[in-house]
>>> print(open('start-v3.txt').read())   # compact mmCIF, C-alpha atoms
# COMPACT_ATOMS: atom_id res chain seq x y z
CA MET A 1 -25.77 -109.33 103.73
CA ASN A 2 -22.98 -107.41 102.10
CA MET A 3 -22.64 -103.77 103.17
CA THR A 4 -20.22 -101.35 101.76
CA VAL A 5 -18.17 -98.78 103.72
CA ASP A 6 -19.98 -95.98 101.97
CA SER A 7 -23.37 -97.29 103.18
CA LEU A 8 -22.16 -97.72 106.82
CA LEU A 9 -20.62 -94.29 107.27
CA PRO A 10 -23.95 -92.43 107.75
CA ILE A 11 -25.04 -94.95 110.33
CA LEU A 12 -21.79 -94.58 112.28
CA PHE A 13 -22.24 -90.84 112.27
CA TRP A 14 -25.89 -90.66 113.28
CA LEU A 15 -25.96 -93.36 115.95
CA PRO A 16 -23.99 -91.43 118.73
CA VAL A 17 -25.79 -88.29 117.87
CA ILE A 18 -29.15 -89.94 118.28
CA SER A 19 -28.00 -91.45 121.59
CA LEU A 20 -26.92 -88.06 122.95
CA VAL A 21 -30.15 -86.47 121.84
CA LEU A 22 -32.16 -89.17 123.59
CA ASN A 23 -30.16 -88.68 126.84
CA PHE A 24 -30.64 -84.99 126.63
CA ILE A 25 -34.36 -85.38 126.12
CA LEU A 26 -34.55 -87.75 129.04
CA ALA A 27 -32.65 -85.34 131.35
CA ALA A 28 -34.85 -82.50 130.24
CA PHE A 29 -37.91 -84.60 130.86
CA LEU A 30 -36.76 -85.34 134.39
CA ILE A 31 -36.00 -81.71 135.10
CA VAL A 32 -39.44 -80.69 133.95
CA ILE A 33 -41.08 -83.36 136.01
CA ILE A 34 -39.07 -82.31 139.02
CA GLN A 35 -39.96 -78.67 138.51
CA LYS A 36 -43.65 -79.51 138.00
CA GLY A 37 -43.89 -82.13 140.69
CA LYS A 38 -42.36 -80.08 143.42
CA LEU A 39 -40.48 -82.99 144.68
CA LYS A 40 -38.83 -83.01 147.96
CA PRO A 41 -35.18 -82.27 148.14
CA LYS A 42 -34.44 -85.71 149.29
CA GLU A 43 -36.45 -87.34 146.77
CA GLN A 44 -35.12 -84.81 144.41
CA GLN A 45 -31.61 -85.72 145.43
CA GLU A 46 -32.35 -89.30 144.96
CA ILE A 47 -33.91 -88.71 141.69
CA GLU A 48 -31.01 -86.53 140.74
CA ASP A 49 -28.63 -89.21 141.77
CA GLN A 50 -30.62 -91.69 139.90
CA MET A 51 -30.68 -89.39 137.02
CA ILE A 52 -26.99 -88.83 137.21
CA GLN A 53 -26.59 -92.50 137.50
CA ILE A 54 -28.82 -93.04 134.59
CA ILE A 55 -27.04 -90.37 132.62
CA LYS A 56 -23.74 -91.93 133.50
CA GLN A 57 -25.09 -95.23 132.53
CA ALA A 58 -26.45 -93.73 129.45
CA GLU A 59 -23.13 -92.14 128.74
CA MET A 60 -21.42 -95.35 129.39
CA ARG A 61 -23.95 -97.15 127.37
CA SER A 62 -23.57 -94.60 124.63
CA THR A 63 -19.84 -94.91 124.86
CA GLU A 64 -20.14 -98.63 124.60
CA ILE A 65 -22.55 -98.35 121.79
CA ILE A 66 -20.29 -95.91 120.08
CA GLU A 67 -17.29 -98.07 120.69
CA LYS A 68 -19.19 -101.10 119.53
CA ALA A 69 -20.51 -99.19 116.63
CA THR A 70 -17.07 -97.87 115.92
CA LYS A 71 -15.60 -101.26 116.26
CA LYS A 72 -18.35 -102.69 114.21
CA ALA A 73 -17.87 -99.95 111.70
CA LYS A 74 -14.17 -100.61 111.65
CA ASP A 75 -14.93 -104.27 111.21
CA ILE A 76 -17.40 -103.48 108.59
CA VAL A 77 -15.00 -101.10 106.99
CA SER A 78 -12.21 -103.62 107.20
CA ASP A 79 -14.59 -106.25 105.92
CA ALA A 80 -15.73 -103.86 103.31
CA SER A 81 -12.13 -103.10 102.39
CA ALA A 82 -11.39 -106.77 102.10
CA THR A 83 -14.54 -107.28 100.22
CA LYS A 84 -13.66 -104.33 98.13
CA GLN A 85 -10.22 -105.72 97.40
CA LEU A 86 -11.74 -109.08 96.71
CA VAL A 87 -14.37 -107.56 94.55
CA GLU A 88 -11.81 -105.39 92.85
CA SER A 89 -9.54 -108.36 92.31
CA LYS A 90 -12.51 -110.35 91.05
CA LEU A 91 -13.63 -107.48 88.99
CA ASN A 92 -10.16 -106.99 87.65
CA LYS A 93 -9.94 -110.62 86.91
CA LEU A 94 -13.39 -110.56 85.46
CA VAL A 95 -12.47 -107.52 83.45
CA GLU A 96 -9.23 -109.13 82.41
CA ASP A 97 -11.00 -112.31 81.55
CA THR A 98 -13.73 -110.43 79.82
CA THR A 99 -11.17 -108.30 78.11
CA ASP A 100 -9.22 -111.34 77.09
CA THR A 101 -12.37 -113.03 75.96
CA ALA A 102 -13.47 -109.96 74.16
CA GLN A 103 -9.99 -109.56 72.74
CA ASN A 104 -10.04 -113.11 71.63
CA GLN A 105 -13.48 -112.72 70.16
CA LEU A 106 -12.39 -109.50 68.62
CA ASP A 107 -9.36 -111.20 67.23
CA ILE A 108 -11.50 -114.01 65.96
CA GLN A 109 -14.04 -111.60 64.53
CA LYS A 110 -11.23 -109.44 63.23
CA GLY A 111 -9.69 -112.49 61.62
CA ALA A 112 -13.07 -113.47 60.27
CA ILE A 113 -13.65 -109.96 59.07
CA VAL A 114 -10.22 -109.83 57.53
CA GLU A 115 -10.84 -113.16 55.89
CA LYS A 116 -14.27 -112.03 54.82
CA PHE A 117 -12.76 -108.81 53.61
CA LYS A 118 -10.03 -110.65 51.77
CA GLU A 119 -12.56 -112.98 50.26
CA THR A 120 -14.91 -110.16 49.36
CA TYR A 121 -12.01 -108.07 48.16
CA GLY A 122 -10.79 -110.95 46.05
CA GLN A 123 -14.25 -111.45 44.67
CA LEU A 124 -14.53 -107.76 44.04
CA VAL A 125 -11.16 -107.71 42.38
CA GLU A 126 -12.11 -110.70 40.27
CA GLN A 127 -15.49 -109.16 39.53
CA TYR A 128 -13.84 -105.86 38.80
CA GLN A 129 -11.29 -107.51 36.58
CA GLY A 130 -14.04 -109.44 34.84
CA GLU A 131 -16.20 -106.39 34.47
CA THR A 132 -13.20 -104.36 33.40
CA GLN A 133 -12.32 -106.92 30.78
CA SER A 134 -15.96 -107.08 29.70
CA LEU A 135 -16.10 -103.30 29.73
CA PHE A 136 -12.93 -103.08 27.70
CA ALA A 137 -14.30 -105.70 25.33
CA ASN A 138 -17.59 -103.81 25.07
CA MET A 139 -15.75 -100.56 24.61
CA GLN A 140 -13.61 -102.08 21.91
CA HIS A 141 -16.71 -103.57 20.30
CA GLU A 142 -18.59 -100.28 20.53
CA ALA A 143 -15.53 -98.42 19.29
CA ARG A 144 -15.32 -100.77 16.32
CA GLU A 145 -19.06 -100.39 15.71
CA GLN A 146 -18.85 -96.62 16.02
CA GLN A 147 -15.80 -96.61 13.78
CA SER A 148 -17.66 -98.76 11.27
CA ALA A 149 -20.78 -96.59 11.54
CA PHE A 150 -18.67 -93.45 11.26
CA ARG A 151 -16.86 -94.89 8.25
CA ASP A 152 -20.18 -95.85 6.64
CA SER A 153 -21.69 -92.47 7.45
CA LEU A 154 -18.58 -90.72 6.17
CA HIS A 155 -18.70 -92.83 3.05
CA LYS A 156 -22.41 -92.05 2.52
CA GLU A 157 -21.84 -88.39 3.27
CA THR A 158 -18.89 -88.29 0.90
CA VAL A 159 -20.87 -90.05 -1.81
CA THR A 160 -23.81 -87.68 -1.24
CA ILE A 161 -21.56 -84.62 -1.35
CA LEU A 162 -19.77 -85.88 -4.44
CA GLN A 163 -23.11 -86.67 -6.06
CA GLN A 164 -24.41 -83.23 -5.14
CA MET A 165 -21.21 -81.64 -6.44
CA LYS A 166 -21.58 -83.66 -9.59
CA ASP A 167 -25.24 -82.62 -9.94
CA ASP A 168 -24.33 -78.99 -9.25
CA ALA A 169 -21.50 -79.17 -11.74
CA GLU A 170 -23.76 -80.75 -14.33
CA LYS A 171 -26.44 -78.16 -13.67
CA GLN A 172 -23.85 -75.39 -13.92
CA ILE A 173 -22.51 -76.91 -17.13
CA GLU A 174 -26.08 -77.16 -18.40
CA ASP A 175 -26.78 -73.56 -17.40
CA VAL A 176 -23.54 -72.39 -18.91
CA SER A 177 -24.29 -74.35 -22.08
CA LYS A 178 -27.74 -72.83 -22.13
CA GLU A 179 -26.30 -69.36 -21.65
CA ILE A 180 -23.70 -70.04 -24.33
CA ASN A 181 -26.42 -71.24 -26.70
CA GLU A 182 -28.57 -68.24 -25.88
CA TYR A 183 -25.59 -65.94 -26.34
CA ARG A 184 -24.69 -67.69 -29.58
CA ASN A 185 -28.28 -67.42 -30.79
CA ARG A 186 -28.39 -63.75 -29.84
CA MET A 187 -25.09 -63.17 -31.58
CA PHE A 188 -26.27 -65.09 -34.65
CA GLU A 189 -29.49 -63.07 -34.61
CA LYS A 190 -27.47 -59.89 -34.41
CA ILE A 191 -25.17 -61.13 -37.17
CA ASP A 192 -28.20 -62.11 -39.23
CA GLU A 193 -29.82 -58.75 -38.60
CA HIS A 194 -26.61 -57.00 -39.44
CA ALA A 195 -26.14 -59.16 -42.52
CA GLU A 196 -29.74 -58.51 -43.53
CA SER A 197 -29.32 -54.80 -43.12
CA VAL A 198 -26.06 -54.94 -45.05
CA ILE A 199 -27.64 -57.02 -47.81
CA LYS A 200 -30.71 -54.79 -47.87
CA GLN A 201 -28.60 -51.68 -47.92
CA TYR A 202 -26.41 -53.15 -50.63
CA ILE A 203 -29.36 -54.27 -52.73
CA SER A 204 -31.19 -51.02 -52.11
CA ASP A 205 -28.14 -49.01 -53.07
CA TYR A 206 -27.63 -51.18 -56.11
CA PHE A 207 -31.23 -50.90 -57.31
CA SER A 208 -31.56 -47.22 -56.49
CA THR A 209 -28.43 -46.40 -58.46
CA GLY A 210 -28.10 -49.22 -60.90
CA MET A 211 -31.71 -49.97 -61.75
CA SER A 212 -33.28 -48.00 -64.57
CA LYS A 213 -36.86 -46.76 -64.57
CA GLU A 214 -37.58 -49.32 -67.28
CA ASN A 215 -36.45 -52.11 -65.02
CA GLN A 216 -38.44 -50.61 -62.18
CA GLU A 217 -41.48 -50.49 -64.50
CA ASN A 218 -40.97 -54.11 -65.56
CA ILE A 219 -40.76 -55.25 -61.94
CA LEU A 220 -43.82 -53.14 -61.11
CA PHE A 221 -45.94 -54.69 -63.83
CA LYS A 222 -44.84 -58.15 -62.81
CA ALA A 223 -46.01 -57.26 -59.33
CA LEU A 224 -49.29 -55.96 -60.72
CA ASP A 225 -49.78 -59.19 -62.67
CA LYS A 226 -49.19 -61.12 -59.48
CA PHE A 227 -51.71 -58.90 -57.72
CA LYS A 228 -54.20 -59.55 -60.47
CA ARG A 229 -53.77 -63.30 -60.13
CA ASN A 230 -54.22 -63.10 -56.38
CA HIS A 231 -57.17 -60.72 -56.78
CA SER A 232 -58.92 -62.94 -59.30
CA ARG A 233 -58.40 -65.98 -57.08
CA SER A 234 -59.78 -64.22 -54.02
CA SER A 235 -62.75 -62.69 -55.89
CA MET B 1 -76.22 -40.03 -67.73
CA SER B 2 -75.80 -42.01 -64.56
CA ASP B 3 -73.82 -44.60 -66.47
CA SER B 4 -70.17 -44.15 -65.65
CA LYS B 5 -69.25 -44.80 -69.26
CA SER B 6 -70.66 -41.34 -69.98
CA TYR B 7 -67.73 -39.90 -68.04
CA ALA B 8 -65.10 -41.83 -69.97
CA GLY B 9 -63.64 -38.70 -71.55
CA LEU B 10 -63.36 -37.01 -68.17
CA PHE B 11 -61.86 -40.02 -66.42
CA ASP B 12 -59.35 -40.37 -69.23
CA LEU B 13 -57.87 -37.10 -68.01
CA ILE B 14 -57.98 -37.76 -64.29
CA TYR B 15 -55.31 -40.23 -63.10
CA THR B 16 -54.63 -39.50 -59.50
CA SER B 17 -56.60 -38.71 -56.38
CA GLU B 18 -54.95 -35.26 -56.26
CA GLN B 19 -56.35 -34.50 -59.69
CA CYS B 20 -59.73 -35.93 -58.68
CA ASN B 21 -59.83 -33.78 -55.53
CA ALA B 22 -58.85 -30.70 -57.53
CA CYS B 23 -61.68 -31.43 -59.96
CA ILE B 24 -64.18 -31.93 -57.15
CA ASN B 25 -63.04 -28.63 -55.62
CA ALA B 26 -63.47 -26.84 -58.95
CA LEU B 27 -66.90 -28.37 -59.49
CA GLN B 28 -67.96 -27.21 -56.03
CA HIS B 29 -66.92 -23.65 -56.92
CA ALA B 30 -68.76 -23.95 -60.22
CA ILE B 31 -71.89 -25.15 -58.45
CA ASP B 32 -71.65 -22.24 -56.08
CA ALA B 33 -71.23 -19.89 -59.06
CA SER B 34 -74.23 -21.39 -60.85
CA TYR B 35 -76.51 -19.65 -58.36
CA ASP B 36 -75.03 -16.30 -59.28
CA LYS B 37 -76.13 -15.18 -62.75
CA LYS B 38 -73.37 -12.63 -62.87
CA LYS B 39 -70.68 -15.29 -62.75
CA ASP B 40 -69.51 -17.33 -65.69
CA ILE B 41 -69.18 -21.00 -64.85
CA MET B 42 -66.59 -21.58 -67.57
CA SER B 43 -64.39 -18.91 -66.09
CA VAL B 44 -64.63 -20.54 -62.66
CA LEU B 45 -63.70 -23.96 -64.04
CA ASP B 46 -60.83 -22.47 -66.01
CA ARG B 47 -59.55 -20.86 -62.85
CA TYR B 48 -59.29 -24.20 -60.96
CA LEU B 49 -58.79 -26.84 -63.65
CA PRO B 50 -56.49 -27.54 -66.58
CA TYR B 51 -58.03 -26.58 -69.86
CA ASN B 52 -58.33 -30.16 -71.12
CA ILE B 53 -60.42 -31.14 -68.15
CA THR B 54 -62.55 -28.03 -68.53
CA ASN B 55 -63.04 -28.92 -72.18
CA ALA B 56 -63.96 -32.44 -71.24
CA ILE B 57 -66.66 -31.09 -68.91
CA LEU B 58 -67.95 -28.78 -71.67
CA ASP B 59 -68.02 -31.71 -74.07
CA LEU B 60 -69.91 -33.71 -71.55
CA ALA B 61 -72.43 -30.86 -71.12
CA GLU B 62 -72.95 -30.59 -74.85
CA GLU B 63 -73.46 -34.33 -75.12
CA ASN B 64 -76.17 -34.05 -72.51
CA ASN B 65 -77.65 -30.79 -73.89
CA ILE B 66 -76.85 -28.82 -70.82
CA GLN B 67 -76.68 -25.04 -71.11
CA LEU B 68 -74.14 -23.89 -68.59
CA ARG B 69 -75.78 -20.47 -68.37
CA ASP B 70 -78.98 -22.15 -67.11
CA SER B 71 -78.53 -22.70 -63.45
CA ASP B 72 -81.56 -24.97 -63.19
CA THR B 73 -79.91 -27.62 -65.33
CA THR B 74 -76.27 -26.77 -64.74
CA THR B 75 -76.32 -27.23 -60.97
CA PRO B 76 -77.67 -30.81 -61.01
CA PHE B 77 -75.33 -31.64 -63.87
CA LEU B 78 -72.24 -30.42 -62.05
CA THR B 79 -73.43 -31.99 -58.80
CA GLU B 80 -73.83 -35.36 -60.50
CA ILE B 81 -70.31 -35.15 -61.94
CA MET B 82 -68.96 -34.19 -58.56
CA ASN B 83 -70.70 -37.09 -56.80
CA THR B 84 -69.49 -39.47 -59.47
CA LEU B 85 -65.92 -38.35 -58.87
CA LYS B 86 -66.39 -38.61 -55.09
CA LYS B 87 -67.65 -42.17 -55.48
CA ALA B 88 -64.90 -43.16 -57.89
CA PRO B 89 -62.98 -46.24 -56.73
CA THR B 90 -59.38 -45.64 -55.68
CA VAL B 91 -56.33 -47.78 -55.23
CA ASP B 92 -53.53 -46.83 -52.81
CA ILE B 93 -50.33 -47.72 -54.53
CA THR B 94 -46.86 -47.08 -53.12
CA LEU B 95 -43.95 -47.23 -55.55
CA ALA B 96 -40.21 -47.35 -54.99
CA PHE B 97 -39.51 -44.78 -57.72
CA HIS B 98 -41.02 -41.63 -59.17
CA PRO B 99 -42.74 -42.74 -62.37
CA THR B 100 -42.64 -40.69 -65.53
CA TYR B 101 -45.89 -39.32 -66.90
CA GLU B 102 -45.97 -42.05 -69.49
CA GLN B 103 -45.32 -44.69 -66.86
CA LEU B 104 -48.12 -43.20 -64.76
CA LYS B 105 -50.51 -43.44 -67.69
CA GLY B 106 -49.41 -47.00 -68.31
CA ILE B 107 -50.01 -47.94 -64.69
CA LEU B 108 -53.45 -46.32 -64.74
CA LYS B 109 -54.32 -47.99 -68.01
CA TRP B 110 -53.38 -51.33 -66.59
CA TRP B 111 -55.63 -50.81 -63.57
CA ARG B 112 -58.55 -49.57 -65.61
CA THR B 113 -58.16 -52.40 -68.10
CA GLU B 114 -57.45 -55.24 -65.74
CA ILE B 115 -59.23 -54.30 -62.51
CA GLU B 116 -61.66 -51.33 -62.51
CA PRO B 117 -62.59 -49.03 -65.47
CA HIS B 118 -62.70 -45.66 -63.67
CA ILE B 119 -60.29 -46.28 -60.87
CA ILE B 120 -58.22 -43.42 -59.48
CA LEU B 121 -54.64 -43.84 -58.30
CA ASN B 122 -53.68 -42.63 -54.83
CA LEU B 123 -49.94 -42.62 -55.44
CA GLN B 124 -47.15 -42.52 -52.84
CA ILE B 125 -43.37 -42.97 -53.11
CA ASP B 126 -41.18 -45.02 -50.69
CA PRO B 127 -37.65 -45.74 -51.97
CA THR B 128 -37.06 -48.33 -49.20
CA LEU B 129 -39.34 -50.68 -51.08
CA VAL B 130 -36.40 -51.01 -53.54
CA ALA B 131 -38.73 -52.12 -56.36
CA GLY B 132 -42.29 -53.35 -56.88
CA ALA B 133 -45.27 -51.85 -55.03
CA VAL B 134 -47.48 -51.99 -51.98
CA ILE B 135 -51.14 -52.03 -53.01
CA GLY B 136 -54.12 -51.12 -50.88
CA TYR B 137 -57.38 -52.08 -52.56
CA ASN B 138 -60.83 -52.99 -51.25
CA GLY B 139 -59.60 -52.73 -47.68
CA GLU B 140 -56.68 -55.13 -48.20
CA ILE B 141 -52.98 -54.34 -48.33
CA THR B 142 -50.75 -56.47 -50.55
CA ASN B 143 -47.00 -55.98 -50.28
CA LEU B 144 -45.41 -56.89 -53.59
CA SER B 145 -42.21 -54.96 -53.08
CA LEU B 146 -38.70 -56.29 -53.51
CA GLN B 147 -38.07 -55.36 -49.89
CA GLU B 148 -40.77 -57.79 -48.76
CA GLY B 149 -39.42 -60.48 -51.10
CA LEU B 150 -35.97 -59.93 -49.70
CA ASN B 151 -37.24 -60.20 -46.12
CA THR B 152 -39.05 -63.42 -46.93
CA PHE B 153 -35.98 -64.79 -48.62
CA LEU B 154 -33.74 -63.92 -45.68
CA LYS B 155 -36.20 -65.41 -43.19
CA LYS B 156 -36.34 -68.63 -45.16
CA SER B 157 -32.55 -68.72 -45.45
CA ASN B 158 -32.28 -68.35 -41.65
>>> encode(input="start-v3.txt", output="structure tokens")
Amino acid sequence: MNMTVDSLLPILFWLPVISLVLNFILAAFLIVIIQKGKLKPKEQQEIEDQMIQIIKQAEMRSTEIIEKATKKAKDIVSDASATKQLVESKLNKLVEDTTDTAQNQLDIQKGAIVEKFKETYGQLVEQYQGETQSLFANMQHEAREQQSAFRDSLHKETVTILQQMKDDAEKQIEDVSKEINEYRNRMFEKIDEHAESVIKQYISDYFSTGMSKENQENILFKALDKFKRNHSRSS
Amino acid sequence: MSDSKSYAGLFDLIYTSEQCNACINALQHAIDASYDKKKDIMSVLDRYLPYNITNAILDLAEENNIQLRDSDTTTPFLTEIMNTLKKAPTVDITLAFHPTYEQLKGILKWWRTEIEPHIILNLQIDPTLVAGAVIGYNGEITNLSLQEGLNTFLKKSN
């Protein structure tokens, strides 16, 4: 059974104390018995001698026990120290071995991880390069499509705007032509009216000054004859 | 005497509606005077009418044996003449010139020969007609003026 120094120290401390307490209790017990038993001085002397002897023996015994215990404790302690050193050396070795093993495993795992990382990194780089190239290709394709769509849209928009401008221009030309025609017609009407008034005025002036009453009478009777013809037809 | 031909002598002297209205006005005064025995009907007619028209009325009375001093016969006689004049047909004629008296007679003669025997002229003057006439007869207006002909010509030429 392996015992450590730390576990033996309480025992080494309490063992003499317990022995002294037991001797003290025994002496007290004898004193009480003597007091209660009213022993005879001789007997009491004998008993006291015996008691002293016993106490001495007890002391000796206690001393022996203590010495033995101390010796045993020292042995135990020395054993424990040796054991401790052995354990410590074993533990150190174990720790060193474990550490080495762990270090080795760590190195192996680290190497594996590094390799795995390199592999994964390479794959990622390849994947990234592939995706990048694909992305660039898609972007170029989309850019070309957008450029084409934009060009088509711009072309359609331009054609639409030009067509609308053309329609607007034609409509404006048509409106302007219409306005010009209307203005021309109005002007012609005014000219006609003016010409009519001039002609009427001229004719009126001519007939009022140049036409004799005989001519007026001739025209009047021609008008009356016309009236008669119309009147006879209607009646 | 209801035949209008009986009034031919009277109508020969009345050309225009102004003359006709003046005659109607004079006849009305004469009718009013016929009820008053103190008044002389001839004097009343002379006061309002030219002598030739008054003479024509006297001639007409003699033809019909009417004594103008007898109010019983004179009043109906004058009333009948007046109603005849009121019912006389008229023509509204607008001329471009002021006709002479002879021209007026010629115009009236034409109307009474060609259209209606006892027609009366309602004459108006509008120089803007230039020549010809605008005639209103039987509720219809006929524009036979040179102005209208000129307008038609100018419209057609446009």
>>> interface_residues(input="start-v3.txt", of="chain B", to="chain A", cutoff="8 Å", atoms="all atoms listed in the file", output="tab-separated table (two decimals) with C-alpha atoms, in the coordinates of the input")
chain	number	residue	atom	x	y	z
B	97	PHE	CA	-39.51	-44.78	-57.72
B	99	PRO	CA	-42.74	-42.74	-62.37
B	103	GLN	CA	-45.32	-44.69	-66.86
B	107	ILE	CA	-50.01	-47.94	-64.69
B	114	GLU	CA	-57.45	-55.24	-65.74
B	115	ILE	CA	-59.23	-54.30	-62.51
B	127	PRO	CA	-37.65	-45.74	-51.97
B	128	THR	CA	-37.06	-48.33	-49.20
B	130	VAL	CA	-36.40	-51.01	-53.54
B	131	ALA	CA	-38.73	-52.12	-56.36
B	132	GLY	CA	-42.29	-53.35	-56.88
B	133	ALA	CA	-45.27	-51.85	-55.03
B	142	THR	CA	-50.75	-56.47	-50.55
B	144	LEU	CA	-45.41	-56.89	-53.59
B	145	SER	CA	-42.21	-54.96	-53.08
B	147	GLN	CA	-38.07	-55.36	-49.89
B	150	LEU	CA	-35.97	-59.93	-49.70
B	154	LEU	CA	-33.74	-63.92	-45.68
B	158	ASN	CA	-32.28	-68.35	-41.65
>>> atom_distance(input="start-v3.txt", atom1="CA of Leu10 in chain B", atom2="CA of Asp70 in chain B")
21.6 Å
>>> residues_near_point(input="start-v3.txt", point="(-18.8, -96.5, 118.0)", cutoff="12 Å", atoms="all atoms listed in the file", output="ChimeraX atom specification")
/A:8-9,11-17,19,60-76
>>> residues_around(input="start-v3.txt", residues="Asp72 in chain B", least_positions_apart="4", cutoff="12 Å", atoms="all atoms listed in the file", output="mmCIF file with C-alpha atoms, in the coordinates of the input")
data_model
loop_
_atom_site.group_PDB
_atom_site.id
_atom_site.type_symbol
_atom_site.label_atom_id
_atom_site.label_comp_id
_atom_site.auth_asym_id
_atom_site.auth_seq_id
_atom_site.Cartn_x
_atom_site.Cartn_y
_atom_site.Cartn_z
ATOM 1 C CA ILE B 31 -71.890 -25.150 -58.450
ATOM 2 C CA SER B 34 -74.230 -21.390 -60.850
ATOM 3 C CA TYR B 35 -76.510 -19.650 -58.360
ATOM 4 C CA ASP B 36 -75.030 -16.300 -59.280
ATOM 5 C CA LYS B 37 -76.130 -15.180 -62.750
ATOM 6 C CA ILE B 66 -76.850 -28.820 -70.820
ATOM 7 C CA GLN B 67 -76.680 -25.040 -71.110
ATOM 8 C CA LEU B 68 -74.140 -23.890 -68.590
ATOM 9 C CA PRO B 76 -77.670 -30.810 -61.010
ATOM 10 C CA PHE B 77 -75.330 -31.640 -63.870
ATOM 11 C CA LEU B 78 -72.240 -30.420 -62.050
ATOM 12 C CA THR B 79 -73.430 -31.990 -58.800
#
>>> atom_distance(input="start-v3.txt", atom1="CA of Ile52 in chain A", atom2="CA of Asn23 in chain A")
10.8 Å
>>> closest_residue(input="start-v3.txt", among="B:Ser157, B:Met42, B:Ser6, B:Ala96", to="Glu63 in chain B", atoms="only C-alpha atoms")
B:Ser6
>>> closest_residue(input="start-v3.txt", among="B:Gly9, B:Gly139, B:Gly149, B:Pro50", to="Thr90 in chain B", atoms="only C-alpha atoms")
B:Gly139
>>> atom_distance(input="start-v3.txt", atom1="CA of Thr84 in chain B", atom2="CA of Asn52 in chain B")
18.6 Å
>>> residues_around(input="start-v3.txt", residues="Leu49 in chain B", least_positions_apart="3", cutoff="7 Å", atoms="all atoms listed in the file", output="list in words")
Cys23, Ala26, Leu45, Asp46, Ile53 and Thr54 of chain B
>>> closest_residue(input="start-v3.txt", among="B:Asn25, B:Ser71, B:Thr152, B:Thr94", to="Arg47 in chain B", atoms="only C-alpha atoms")
B:Asn25
>>> residues_around(input="start-v3.txt", residues="range 80-83 of chain B", least_positions_apart="4", cutoff="9 Å", atoms="all atoms listed in the file", output="ChimeraX atom specification")
/B:1-2,7,23-25,27-28,57,75-76,87-88
>>> closest_residue(input="start-v3.txt", among="B:Ala30, B:Leu85, B:Ile93, B:Leu146", to="Ile125 in chain B", atoms="all atoms listed in the file")
B:Ile93
>>> closest_residue(input="start-v3.txt", among="B:Asp92, B:Glu116, B:Ser43, B:Arg69", to="Phe11 in chain B", atoms="all atoms listed in the file")
B:Glu116
>>> residues_around(input="start-v3.txt", residues="range 12-17 of chain B", least_positions_apart="2", cutoff="7 Å", atoms="all atoms listed in the file", output="ChimeraX atom specification")
/B:8-10,19-21,53,108,120-123
